[in-house]
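**Q** There's a structure below that I have some questions on.
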Amino acid sequence: MYHTILVPIDISTPELTQLVVPHVKAQVSLNDTARVHFLTVIPIFPYYASLGLAYSPEAPDNEMIRSEALSQLTEAIKPFNIPKSRMETHLATGSPKDRILGLAESIQADIIIVASHRPSMATYLLGSNAAAIVRYAKCPVLVIR
């Protein structure tokens, strides 16, 4: 049984979040003391640039972005129906895979449950973040498609 469950949420793709809901609920139902940590990561500009995305000369309002991301995370986790006393939300900025792995280590996650995009030729089997999480995590990783 898993006591500390980390669930990274990509707030830009709600359809992926829906895929992990039944798997998280199943794990939580197996253990009355399980605690779920939901994490969303706001990528920083260098991360966007590495993906070939456009640069905007205007500096974004970081506090507004963080507030909106937290609001979207709160909405995204409602379908999980987990009591507030058994969950925690986290918001980080940076490389998604690095922040996910860092939080997993700091909370001593027993399992990471992550959704993955359908692969393309560039990623072949798993999305790049999911692949890195599987490769470098120090705990089991359940990848949902």
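Residues in the structure tokens are named by chain (A, B, ... in the order shown) and by number from 1 within that chain; ligands are numbered from 1 in the order shown.
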List as an NGL selection string the protein and nucleic acid residues near Asp10 of chain A, meaning an atom at most 12 Å away when only C-alpha atoms are counted, but skip any in the same chain fewer than 4 places from it.
**A** :A and (14-20 or 38-43 or 69-70 or 72-73 or 76-77 or 91-92 or 96-97 or 100 or 114-117 or 129-130)
**Q** Keeping only N, CA and C atoms, write the selected residues to a file as a PDB file, in the first residue's frame.
**A**
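The resulting file, out-v4.pdb, is reproduced below:
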```pdb
ATOM      1  N   PRO A  14      -6.717  19.220 -19.381  1.00  0.00           N
ATOM      2  CA  PRO A  14      -7.643  18.590 -18.434  1.00  0.00           C
ATOM      3  C   PRO A  14      -8.020  17.157 -18.801  1.00  0.00           C
ATOM      4  N   GLU A  15      -7.963  16.823 -20.081  1.00  0.00           N
ATOM      5  CA  GLU A  15      -8.310  15.459 -20.480  1.00  0.00           C
ATOM      6  C   GLU A  15      -7.328  14.438 -19.904  1.00  0.00           C
ATOM      7  N   LEU A  16      -6.078  14.836 -19.716  1.00  0.00           N
ATOM      8  CA  LEU A  16      -5.113  13.932 -19.090  1.00  0.00           C
ATOM      9  C   LEU A  16      -5.412  13.753 -17.608  1.00  0.00           C
ATOM     10  N   THR A  17      -5.834  14.816 -16.963  1.00  0.00           N
ATOM     11  CA  THR A  17      -6.188  14.728 -15.547  1.00  0.00           C
ATOM     12  C   THR A  17      -7.314  13.732 -15.344  1.00  0.00           C
ATOM     13  N   GLN A  18      -8.304  13.768 -16.217  1.00  0.00           N
ATOM     14  CA  GLN A  18      -9.433  12.851 -16.104  1.00  0.00           C
ATOM     15  C   GLN A  18      -8.995  11.394 -16.185  1.00  0.00           C
ATOM     16  N   LEU A  19      -7.939  11.126 -16.913  1.00  0.00           N
ATOM     17  CA  LEU A  19      -7.450   9.754 -17.041  1.00  0.00           C
ATOM     18  C   LEU A  19      -6.905   9.198 -15.727  1.00  0.00           C
ATOM     19  N   VAL A  20      -6.320  10.043 -14.897  1.00  0.00           N
ATOM     20  CA  VAL A  20      -5.705   9.543 -13.659  1.00  0.00           C
ATOM     21  C   VAL A  20      -6.679   9.459 -12.492  1.00  0.00           C
ATOM     22  N   PHE A  38      -0.928  16.881  -4.862  1.00  0.00           N
ATOM     23  CA  PHE A  38      -1.156  17.314  -6.237  1.00  0.00           C
ATOM     24  C   PHE A  38      -0.178  18.438  -6.546  1.00  0.00           C
ATOM     25  N   LEU A  39       0.471  18.341  -7.690  1.00  0.00           N
ATOM     26  CA  LEU A  39       1.469  19.336  -8.079  1.00  0.00           C
ATOM     27  C   LEU A  39       1.194  19.818  -9.495  1.00  0.00           C
ATOM     28  N   THR A  40       1.235  21.127  -9.680  1.00  0.00           N
ATOM     29  CA  THR A  40       1.283  21.671 -11.032  1.00  0.00           C
ATOM     30  C   THR A  40       2.534  22.521 -11.136  1.00  0.00           C
ATOM     31  N   VAL A  41       3.115  22.512 -12.316  1.00  0.00           N
ATOM     32  CA  VAL A  41       4.376  23.220 -12.541  1.00  0.00           C
ATOM     33  C   VAL A  41       4.172  24.256 -13.639  1.00  0.00           C
ATOM     34  N   ILE A  42       4.581  25.472 -13.348  1.00  0.00           N
ATOM     35  CA  ILE A  42       4.561  26.543 -14.341  1.00  0.00           C
ATOM     36  C   ILE A  42       5.942  26.560 -14.989  1.00  0.00           C
ATOM     37  N   PRO A  43       6.016  26.190 -16.274  1.00  0.00           N
ATOM     38  CA  PRO A  43       7.331  26.201 -16.934  1.00  0.00           C
ATOM     39  C   PRO A  43       7.862  27.627 -17.051  1.00  0.00           C
ATOM     40  N   ALA A  69      -2.838  29.695 -11.883  1.00  0.00           N
ATOM     41  CA  ALA A  69      -2.451  28.282 -11.904  1.00  0.00           C
ATOM     42  C   ALA A  69      -2.990  27.550 -10.685  1.00  0.00           C
ATOM     43  N   LEU A  70      -2.901  28.174  -9.524  1.00  0.00           N
ATOM     44  CA  LEU A  70      -3.422  27.556  -8.304  1.00  0.00           C
ATOM     45  C   LEU A  70      -4.929  27.404  -8.379  1.00  0.00           C
ATOM     46  N   GLN A  72      -6.683  27.033 -11.149  1.00  0.00           N
ATOM     47  CA  GLN A  72      -6.950  25.950 -12.095  1.00  0.00           C
ATOM     48  C   GLN A  72      -6.629  24.588 -11.487  1.00  0.00           C
ATOM     49  N   LEU A  73      -5.590  24.516 -10.677  1.00  0.00           N
ATOM     50  CA  LEU A  73      -5.263  23.264  -9.999  1.00  0.00           C
ATOM     51  C   LEU A  73      -6.388  22.869  -9.045  1.00  0.00           C
ATOM     52  N   ALA A  76      -9.121  21.489 -11.054  1.00  0.00           N
ATOM     53  CA  ALA A  76      -8.752  20.217 -11.678  1.00  0.00           C
ATOM     54  C   ALA A  76      -8.834  19.038 -10.714  1.00  0.00           C
ATOM     55  N   ILE A  77      -8.599  19.292  -9.419  1.00  0.00           N
ATOM     56  CA  ILE A  77      -8.582  18.172  -8.469  1.00  0.00           C
ATOM     57  C   ILE A  77      -9.944  17.883  -7.846  1.00  0.00           C
ATOM     58  N   LEU A  91       2.527  24.117  -5.916  1.00  0.00           N
ATOM     59  CA  LEU A  91       2.730  24.884  -7.138  1.00  0.00           C
ATOM     60  C   LEU A  91       4.218  25.175  -7.246  1.00  0.00           C
ATOM     61  N   ALA A  92       4.795  24.869  -8.391  1.00  0.00           N
ATOM     62  CA  ALA A  92       6.226  25.100  -8.584  1.00  0.00           C
ATOM     63  C   ALA A  92       6.456  25.754  -9.939  1.00  0.00           C
ATOM     64  N   PRO A  96       9.174  20.922 -15.566  1.00  0.00           N
ATOM     65  CA  PRO A  96       8.225  19.999 -14.940  1.00  0.00           C
ATOM     66  C   PRO A  96       8.869  18.726 -14.401  1.00  0.00           C
ATOM     67  N   LYS A  97       9.696  18.070 -15.190  1.00  0.00           N
ATOM     68  CA  LYS A  97      10.277  16.809 -14.716  1.00  0.00           C
ATOM     69  C   LYS A  97      11.166  17.023 -13.500  1.00  0.00           C
ATOM     70  N   ILE A 100       8.874  17.777 -10.434  1.00  0.00           N
ATOM     71  CA  ILE A 100       8.145  16.571 -10.018  1.00  0.00           C
ATOM     72  C   ILE A 100       9.076  15.637  -9.255  1.00  0.00           C
ATOM     73  N   VAL A 114       1.151   9.535 -12.913  1.00  0.00           N
ATOM     74  CA  VAL A 114       1.267  10.606 -13.896  1.00  0.00           C
ATOM     75  C   VAL A 114       0.593  10.206 -15.205  1.00  0.00           C
ATOM     76  N   ALA A 115      -0.071  11.164 -15.827  1.00  0.00           N
ATOM     77  CA  ALA A 115      -0.654  10.942 -17.150  1.00  0.00           C
ATOM     78  C   ALA A 115       0.397  11.254 -18.200  1.00  0.00           C
ATOM     79  N   SER A 116       0.286  10.597 -19.338  1.00  0.00           N
ATOM     80  CA  SER A 116       1.228  10.834 -20.424  1.00  0.00           C
ATOM     81  C   SER A 116       0.470  11.074 -21.711  1.00  0.00           C
ATOM     82  N   HIS A 117       1.003  12.033 -22.485  1.00  0.00           N
ATOM     83  CA  HIS A 117       0.453  12.290 -23.815  1.00  0.00           C
ATOM     84  C   HIS A 117       0.685  11.073 -24.691  1.00  0.00           C
ATOM     85  N   ASN A 129       8.393  14.216 -20.440  1.00  0.00           N
ATOM     86  CA  ASN A 129       8.365  14.365 -18.981  1.00  0.00           C
ATOM     87  C   ASN A 129       8.096  13.034 -18.305  1.00  0.00           C
ATOM     88  N   ALA A 130       7.132  12.276 -18.806  1.00  0.00           N
ATOM     89  CA  ALA A 130       6.822  10.968 -18.216  1.00  0.00           C
ATOM     90  C   ALA A 130       8.026  10.038 -18.306  1.00  0.00           C
TER      91      ALA A 130
END
```
**Q** Find the distance between atom CA of Ser106 of chain A and atom CA of Gln27 of chain A and write it in Å to one decimal.
**A**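 According to the coordinates, atom CA of Ser106 of chain A and atom CA of Gln27 of chain A are separated by 20.6 Å.
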**Q** According to DSSP computed on the backbone, where in chain A is there alpha helix (DSSP H)? Give the residues as number ranges by chain.
**A** A: 14-29, 45-50, 62-76, 96-106, 128-136
**Q** Now that the selection is made, can you save its residues with C-alpha atoms as a PDB file, in the first residue's frame?
**A**
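Result went into again22.pdb, see below:
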```pdb
ATOM      1  CA  PRO A  14      -7.643  18.590 -18.434  1.00  0.00           C
ATOM      2  CA  GLU A  15      -8.310  15.459 -20.480  1.00  0.00           C
ATOM      3  CA  LEU A  16      -5.113  13.932 -19.090  1.00  0.00           C
ATOM      4  CA  THR A  17      -6.188  14.728 -15.547  1.00  0.00           C
ATOM      5  CA  GLN A  18      -9.433  12.851 -16.104  1.00  0.00           C
ATOM      6  CA  LEU A  19      -7.450   9.754 -17.041  1.00  0.00           C
ATOM      7  CA  VAL A  20      -5.705   9.543 -13.659  1.00  0.00           C
ATOM      8  CA  VAL A  21      -8.797  10.149 -11.481  1.00  0.00           C
ATOM      9  CA  PRO A  22      -9.899   6.484 -11.191  1.00  0.00           C
ATOM     10  CA  HIS A  23      -6.339   5.292 -10.545  1.00  0.00           C
ATOM     11  CA  VAL A  24      -5.753   7.794  -7.759  1.00  0.00           C
ATOM     12  CA  LYS A  25      -9.148   7.034  -6.216  1.00  0.00           C
ATOM     13  CA  ALA A  26      -8.333   3.314  -6.278  1.00  0.00           C
ATOM     14  CA  GLN A  27      -5.019   3.851  -4.479  1.00  0.00           C
ATOM     15  CA  VAL A  28      -6.608   6.128  -1.877  1.00  0.00           C
ATOM     16  CA  SER A  29      -9.399   3.626  -1.214  1.00  0.00           C
ATOM     17  CA  PHE A  45      10.884  30.858 -20.280  1.00  0.00           C
ATOM     18  CA  PRO A  46      14.065  28.833 -20.920  1.00  0.00           C
ATOM     19  CA  TYR A  47      11.899  25.691 -20.801  1.00  0.00           C
ATOM     20  CA  TYR A  48       9.503  27.182 -23.368  1.00  0.00           C
ATOM     21  CA  ALA A  49      12.461  28.246 -25.501  1.00  0.00           C
ATOM     22  CA  SER A  50      13.826  24.708 -25.436  1.00  0.00           C
ATOM     23  CA  ASN A  62       4.268  36.171 -12.051  1.00  0.00           C
ATOM     24  CA  GLU A  63       1.881  36.627  -9.133  1.00  0.00           C
ATOM     25  CA  MET A  64      -1.104  36.652 -11.480  1.00  0.00           C
ATOM     26  CA  ILE A  65       0.185  33.527 -13.261  1.00  0.00           C
ATOM     27  CA  ARG A  66       0.718  31.725  -9.940  1.00  0.00           C
ATOM     28  CA  SER A  67      -2.729  32.715  -8.683  1.00  0.00           C
ATOM     29  CA  GLU A  68      -4.414  31.544 -11.892  1.00  0.00           C
ATOM     30  CA  ALA A  69      -2.451  28.282 -11.904  1.00  0.00           C
ATOM     31  CA  LEU A  70      -3.422  27.556  -8.304  1.00  0.00           C
ATOM     32  CA  SER A  71      -7.054  28.318  -9.118  1.00  0.00           C
ATOM     33  CA  GLN A  72      -6.950  25.950 -12.095  1.00  0.00           C
ATOM     34  CA  LEU A  73      -5.263  23.264  -9.999  1.00  0.00           C
ATOM     35  CA  THR A  74      -7.988  23.587  -7.358  1.00  0.00           C
ATOM     36  CA  GLU A  75     -10.633  23.096 -10.056  1.00  0.00           C
ATOM     37  CA  ALA A  76      -8.752  20.217 -11.678  1.00  0.00           C
ATOM     38  CA  PRO A  96       8.225  19.999 -14.940  1.00  0.00           C
ATOM     39  CA  LYS A  97      10.277  16.809 -14.716  1.00  0.00           C
ATOM     40  CA  ASP A  98      12.802  18.383 -12.333  1.00  0.00           C
ATOM     41  CA  ARG A  99      10.114  19.828 -10.050  1.00  0.00           C
ATOM     42  CA  ILE A 100       8.145  16.571 -10.018  1.00  0.00           C
ATOM     43  CA  LEU A 101      11.208  14.516  -9.147  1.00  0.00           C
ATOM     44  CA  GLY A 102      12.297  17.084  -6.549  1.00  0.00           C
ATOM     45  CA  LEU A 103       8.945  17.086  -4.781  1.00  0.00           C
ATOM     46  CA  ALA A 104       8.762  13.284  -4.924  1.00  0.00           C
ATOM     47  CA  GLU A 105      12.054  13.113  -3.102  1.00  0.00           C
ATOM     48  CA  SER A 106      11.236  15.819  -0.545  1.00  0.00           C
ATOM     49  CA  SER A 128       9.376  13.349 -22.534  1.00  0.00           C
ATOM     50  CA  ASN A 129       8.365  14.365 -18.981  1.00  0.00           C
ATOM     51  CA  ALA A 130       6.822  10.968 -18.216  1.00  0.00           C
ATOM     52  CA  ALA A 131       9.882   9.206 -19.610  1.00  0.00           C
ATOM     53  CA  ALA A 132      12.234  11.271 -17.442  1.00  0.00           C
ATOM     54  CA  ILE A 133      10.091  10.665 -14.365  1.00  0.00           C
ATOM     55  CA  VAL A 134      10.076   6.899 -14.979  1.00  0.00           C
ATOM     56  CA  ARG A 135      13.811   6.904 -15.620  1.00  0.00           C
ATOM     57  CA  TYR A 136      14.909   8.960 -12.608  1.00  0.00           C
TER      58      TYR A 136
END
```
**Q** Leaving out Pro83 of chain A and any residue of its chain fewer than 3 positions from it, which residues lie within 12 Å of it when counting only C-alpha atoms, given as a list in words?
**A** Lys25, Val28, Ser29, Asp32, Thr33, Ala34, Arg35, Val36, Ile77, Lys78, Pro79, Phe80, Arg86, Met87 and Glu88 of chain A
**Q** Here is a test: counting only C-alpha atoms, which residue of A:Arg145, A:Ser85, A:Tyr2, A:Ile11 is nearest to Leu30 of chain A?
**A**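 The closest residue to Leu30 of chain A is A:Tyr2.
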**Q** Quick check, in Å to one decimal: how far apart do atom CA of Pro140 of chain A and atom CA of Asp110 of chain A lie?
**A** 6.9 Å
**Q** Kindly give the distance, in Å, that separates atom CA of Ala109 of chain A and atom CA of His37 of chain A, rounded to a single decimal.
**A**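 Answer for the atom CA of Ala109 of chain A to atom CA of His37 of chain A separation: 8.8 Å.
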**Q** Can you work out which one of A:Met1, A:Ile82, A:Cys139, A:Ile44 has the shortest atom-to-atom distance to Ile113 of chain A, counting only C-alpha atoms?
**A**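 Smallest distance to Ile113 of chain A is found for A:Cys139.
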**Q** As a list in words, please: every residue in chain A that DSSP puts in strand (DSSP E).
**A**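 Listing strand (DSSP E) positions across chain A yields Thr4, Ile5, Leu6, Val7, Pro8, Arg35, Val36, His37, Phe38, Leu39, Thr40, Val41, Ile42, Met87, Glu88, Thr89, His90, Leu91, Ala92, Thr93, Ile111, Ile112, Ile113, Val114, Ala115, Val141, Leu142, Val143 and Ile144 of chain A.
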